[in-house]
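Okay, structure first, notes after.
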Amino acid sequence: MINTDKSSEQIPLDVEDESAKKIKFGMKIKLAIQAIKPIITSHHPLCDQYKEHSFHLFGRDWCIGCYIGYPSGILMLLIGYLTGLFQMLETSTLFITGASLMGSYILSVVGLTKIRWIKIFSKIPLGIGAAFLIAGLFSLSGPIWLSFLLSFLLIQIFLTIINVKRALEMKKTCADCEYASNHDKCPGMHPIMEKLNKIKKKMVK
């Protein structure tokens, strides 16, 4: 007699192994995210060398550049379009205003943003300036997709400049530190590296 009960059918071993691998990989990703959780919002090692680069709120450390600059830009875009401000201004005015406001980045270049309050307030005109530039791009005559593309390219260029500068500064800061970029011993990175190393060992198994 033929057994028609599907529940009794055996699942091929290769399918079981593949499923187990996916579950195991997913768990490791989850553990990795939990390991770096302390710096997900701070974007900097949690040590005294970088304490001026973040602010503490709601029990977490937040990157000054990202969580002041970006919200300022988004808020300005909303205000500008909802109030009709951007629609009233000419394209040239939008570009000039945006470029002028983003000129505040010079404060970072010359090192004045080492002073905490200057660092914080310098991010606001950067975000607002970016909003004006984006509004200027969208005021140009042409297809809407072109405005989106140009805005995307503008943001990427700006982010590349900022991130390259940040990476070089962090490299120098860590190199000059007493731990000399040894993140396994650095107080700000040791807890994170310890967890990541444990996950790495599990992945080898």
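Following the order of the structure tokens, chains are lettered A, B, ..., residues in each are numbered from 1, and ligands are numbered from 1.
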* **Residue list (strand (DSSP E), DSSP) for chain A, as a list in words** => Ser54, Phe55, His56, Leu57, Arg60, Asp61, Trp62 and Cys63 of chain A
Glu90 in chain A: which residues within 12 Å, counting only C-alpha atoms, same-chain residues fewer than 3 positions away excluded, as a PDB file with N, CA and C atoms, in the first residue's frame?
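Output below, filename part_14.pdb:
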ATOM      1  N   LEU A  85       8.112  79.290  -0.054  1.00  0.00           N
ATOM      2  CA  LEU A  85       9.324  80.107  -0.127  1.00  0.00           C
ATOM      3  C   LEU A  85      10.166  79.765  -1.345  1.00  0.00           C
ATOM      4  N   PHE A  86      10.398  78.488  -1.570  1.00  0.00           N
ATOM      5  CA  PHE A  86      11.238  78.072  -2.692  1.00  0.00           C
ATOM      6  C   PHE A  86      10.612  78.442  -4.036  1.00  0.00           C
ATOM      7  N   GLN A  87       9.285  78.382  -4.098  1.00  0.00           N
ATOM      8  CA  GLN A  87       8.598  78.716  -5.347  1.00  0.00           C
ATOM      9  C   GLN A  87       8.687  80.211  -5.652  1.00  0.00           C
ATOM     10  N   THR A  93      18.849  82.719  -7.082  1.00  0.00           N
ATOM     11  CA  THR A  93      18.827  83.065  -5.657  1.00  0.00           C
ATOM     12  C   THR A  93      18.945  81.808  -4.800  1.00  0.00           C
ATOM     13  N   LEU A  94      18.271  80.756  -5.222  1.00  0.00           N
ATOM     14  CA  LEU A  94      18.336  79.491  -4.485  1.00  0.00           C
ATOM     15  C   LEU A  94      19.761  78.943  -4.479  1.00  0.00           C
ATOM     16  N   PHE A  95      20.413  78.995  -5.638  1.00  0.00           N
ATOM     17  CA  PHE A  95      21.778  78.472  -5.732  1.00  0.00           C
ATOM     18  C   PHE A  95      22.767  79.325  -4.932  1.00  0.00           C
ATOM     19  N   ILE A  96      22.635  80.634  -5.045  1.00  0.00           N
ATOM     20  CA  ILE A  96      23.556  81.530  -4.332  1.00  0.00           C
ATOM     21  C   ILE A  96      23.388  81.383  -2.822  1.00  0.00           C
ATOM     22  N   THR A  97      22.130  81.336  -2.379  1.00  0.00           N
ATOM     23  CA  THR A  97      21.861  81.175  -0.944  1.00  0.00           C
ATOM     24  C   THR A  97      22.394  79.840  -0.438  1.00  0.00           C
ATOM     25  N   PHE A 132      18.526  74.397  -0.007  1.00  0.00           N
ATOM     26  CA  PHE A 132      18.380  75.453  -1.017  1.00  0.00           C
ATOM     27  C   PHE A 132      18.955  75.010  -2.363  1.00  0.00           C
ATOM     28  N   LEU A 133      20.086  74.307  -2.328  1.00  0.00           N
ATOM     29  CA  LEU A 133      20.685  73.832  -3.577  1.00  0.00           C
ATOM     30  C   LEU A 133      19.780  72.806  -4.260  1.00  0.00           C
ATOM     31  N   ALA A 135      16.559  72.578  -3.894  1.00  0.00           N
ATOM     32  CA  ALA A 135      15.398  73.325  -4.401  1.00  0.00           C
ATOM     33  C   ALA A 135      15.756  74.027  -5.708  1.00  0.00           C
ATOM     34  N   GLY A 136      16.990  74.517  -5.792  1.00  0.00           N
ATOM     35  CA  GLY A 136      17.441  75.164  -7.023  1.00  0.00           C
ATOM     36  C   GLY A 136      17.471  74.197  -8.188  1.00  0.00           C
ATOM     37  N   LEU A 137      17.920  72.976  -7.926  1.00  0.00           N
ATOM     38  CA  LEU A 137      17.965  71.958  -8.977  1.00  0.00           C
ATOM     39  C   LEU A 137      16.567  71.595  -9.458  1.00  0.00           C
ATOM     40  N   PHE A 138      15.620  71.548  -8.533  1.00  0.00           N
ATOM     41  CA  PHE A 138      14.249  71.197  -8.905  1.00  0.00           C
ATOM     42  C   PHE A 138      13.509  72.360  -9.569  1.00  0.00           C
ATOM     43  N   SER A 139      14.081  73.553  -9.473  1.00  0.00           N
ATOM     44  CA  SER A 139      13.446  74.702 -10.132  1.00  0.00           C
ATOM     45  C   SER A 139      13.907  74.853 -11.579  1.00  0.00           C
ATOM     46  N   LEU A 140      14.909  74.070 -11.956  1.00  0.00           N
ATOM     47  CA  LEU A 140      15.401  74.126 -13.331  1.00  0.00           C
ATOM     48  C   LEU A 140      14.368  73.536 -14.283  1.00  0.00           C
TER      49      LEU A 140
END
* Would you list, as a PyMOL selection string, the residues of range 4-159 of chain A that end up in helix (DSSP H, G or I) under DSSP run on this structure's backbone? => chain A and resi 6-8+13-35+37-39+48-53+64-82+85-88+91-109+112-114+116-138+144-159
* Do you know which residues are at most 12 Å from Glu52 in chain A counting only C-alpha atoms, after dropping those on the same chain fewer than 5 positions away, and could you put them as an NGL selection string? -> :A and (42 or 44-47 or 61-65 or 113-120)
* Could you please determine the separation between CA of Ile124 in chain A and CA of Ser72 in chain A in Å, to one decimal place? =>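 Between CA of Ile124 in chain A and CA of Ser72 in chain A the gap is 5.6 Å.
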* To do: Work out how far CA of Leu146 in chain A is from CA of Ser104 in chain A, in Å to one decimal.
  => 27.6 Å
* Nearest to Lys195 in chain A, chosen from A:Ala32, A:Leu107, A:Ile161, A:Met27, with only C-alpha atoms counted in the distances ->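 Going through A:Ala32, A:Leu107, A:Ile161, A:Met27 one by one, the smallest distance to Lys195 in chain A is for A:Ala32.
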* **Distance query Leu75 in chain A at most 12 Å, only C-alpha atoms, self and fewer than 2 positions along chain excluded, as a list in words** =>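 So the residues in contact are Ile68, Gly69, Tyr70, Pro71, Ser72, Gly73, Leu77, Leu78, Ile79, Gly80, Tyr81, Leu82, Thr83, Ile124, Pro125, Gly127, Ile128, Gly129, Ala130, Ala131 and Phe132 of chain A.
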Would you output that residue set with N, CA and C atoms, as a short mmCIF file (atom, residue, chain, number, x, y, z; two decimals), in the first residue's frame?
data_model
loop_
_atom_site.label_atom_id
_atom_site.label_comp_id
_atom_site.auth_asym_id
_atom_site.auth_seq_id
_atom_site.Cartn_x
_atom_site.Cartn_y
_atom_site.Cartn_z
N ILE A 68 22.30 66.50 13.25
CA ILE A 68 21.95 67.92 13.28
C ILE A 68 21.89 68.45 11.85
N GLY A 69 22.87 68.05 11.05
CA GLY A 69 22.91 68.52 9.66
C GLY A 69 21.76 68.00 8.82
N TYR A 70 21.54 66.69 8.82
CA TYR A 70 20.47 66.11 7.99
C TYR A 70 19.07 66.58 8.40
N PRO A 71 18.75 66.54 9.70
CA PRO A 71 17.42 67.04 10.09
C PRO A 71 17.21 68.51 9.71
N SER A 72 18.28 69.31 9.79
CA SER A 72 18.16 70.72 9.41
C SER A 72 17.80 70.85 7.94
N GLY A 73 18.43 70.03 7.11
CA GLY A 73 18.15 70.06 5.67
C GLY A 73 16.75 69.60 5.35
N LEU A 77 13.66 71.80 3.76
CA LEU A 77 12.95 71.41 2.54
C LEU A 77 11.43 71.44 2.77
N LEU A 78 11.01 70.92 3.91
CA LEU A 78 9.58 70.91 4.22
C LEU A 78 9.04 72.33 4.37
N ILE A 79 9.77 73.15 5.12
CA ILE A 79 9.33 74.53 5.34
C ILE A 79 9.32 75.31 4.02
N GLY A 80 10.38 75.12 3.25
CA GLY A 80 10.52 75.86 1.99
C GLY A 80 9.40 75.58 1.01
N TYR A 81 9.01 74.31 0.90
CA TYR A 81 7.96 73.96 -0.06
C TYR A 81 6.55 74.17 0.50
N LEU A 82 6.37 73.90 1.78
CA LEU A 82 5.05 74.07 2.38
C LEU A 82 4.64 75.54 2.49
N THR A 83 5.63 76.41 2.71
CA THR A 83 5.32 77.84 2.83
C THR A 83 5.36 78.55 1.47
N ILE A 124 24.02 73.30 11.10
CA ILE A 124 22.68 73.79 10.73
C ILE A 124 22.70 74.49 9.37
N PRO A 125 23.59 75.48 9.15
CA PRO A 125 23.62 76.11 7.82
C PRO A 125 24.02 75.15 6.70
N GLY A 127 23.06 71.99 6.45
CA GLY A 127 21.82 71.30 6.08
C GLY A 127 20.87 72.22 5.34
N ILE A 128 20.73 73.45 5.83
CA ILE A 128 19.83 74.41 5.18
C ILE A 128 20.34 74.76 3.79
N GLY A 129 21.65 74.93 3.68
CA GLY A 129 22.24 75.24 2.38
C GLY A 129 22.01 74.14 1.36
N ALA A 130 22.14 72.90 1.81
CA ALA A 130 21.89 71.76 0.92
C ALA A 130 20.44 71.77 0.44
N ALA A 131 19.53 72.14 1.33
CA ALA A 131 18.11 72.20 0.96
C ALA A 131 17.88 73.25 -0.13
N PHE A 132 18.53 74.40 -0.01
CA PHE A 132 18.38 75.45 -1.02
C PHE A 132 18.95 75.01 -2.36
#
* So how many Å separate CA of Lys28 in chain A and CA of Ile199 in chain A, to one decimal? ->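 For CA of Lys28 in chain A relative to CA of Ile199 in chain A, the distance reads 6.6 Å.
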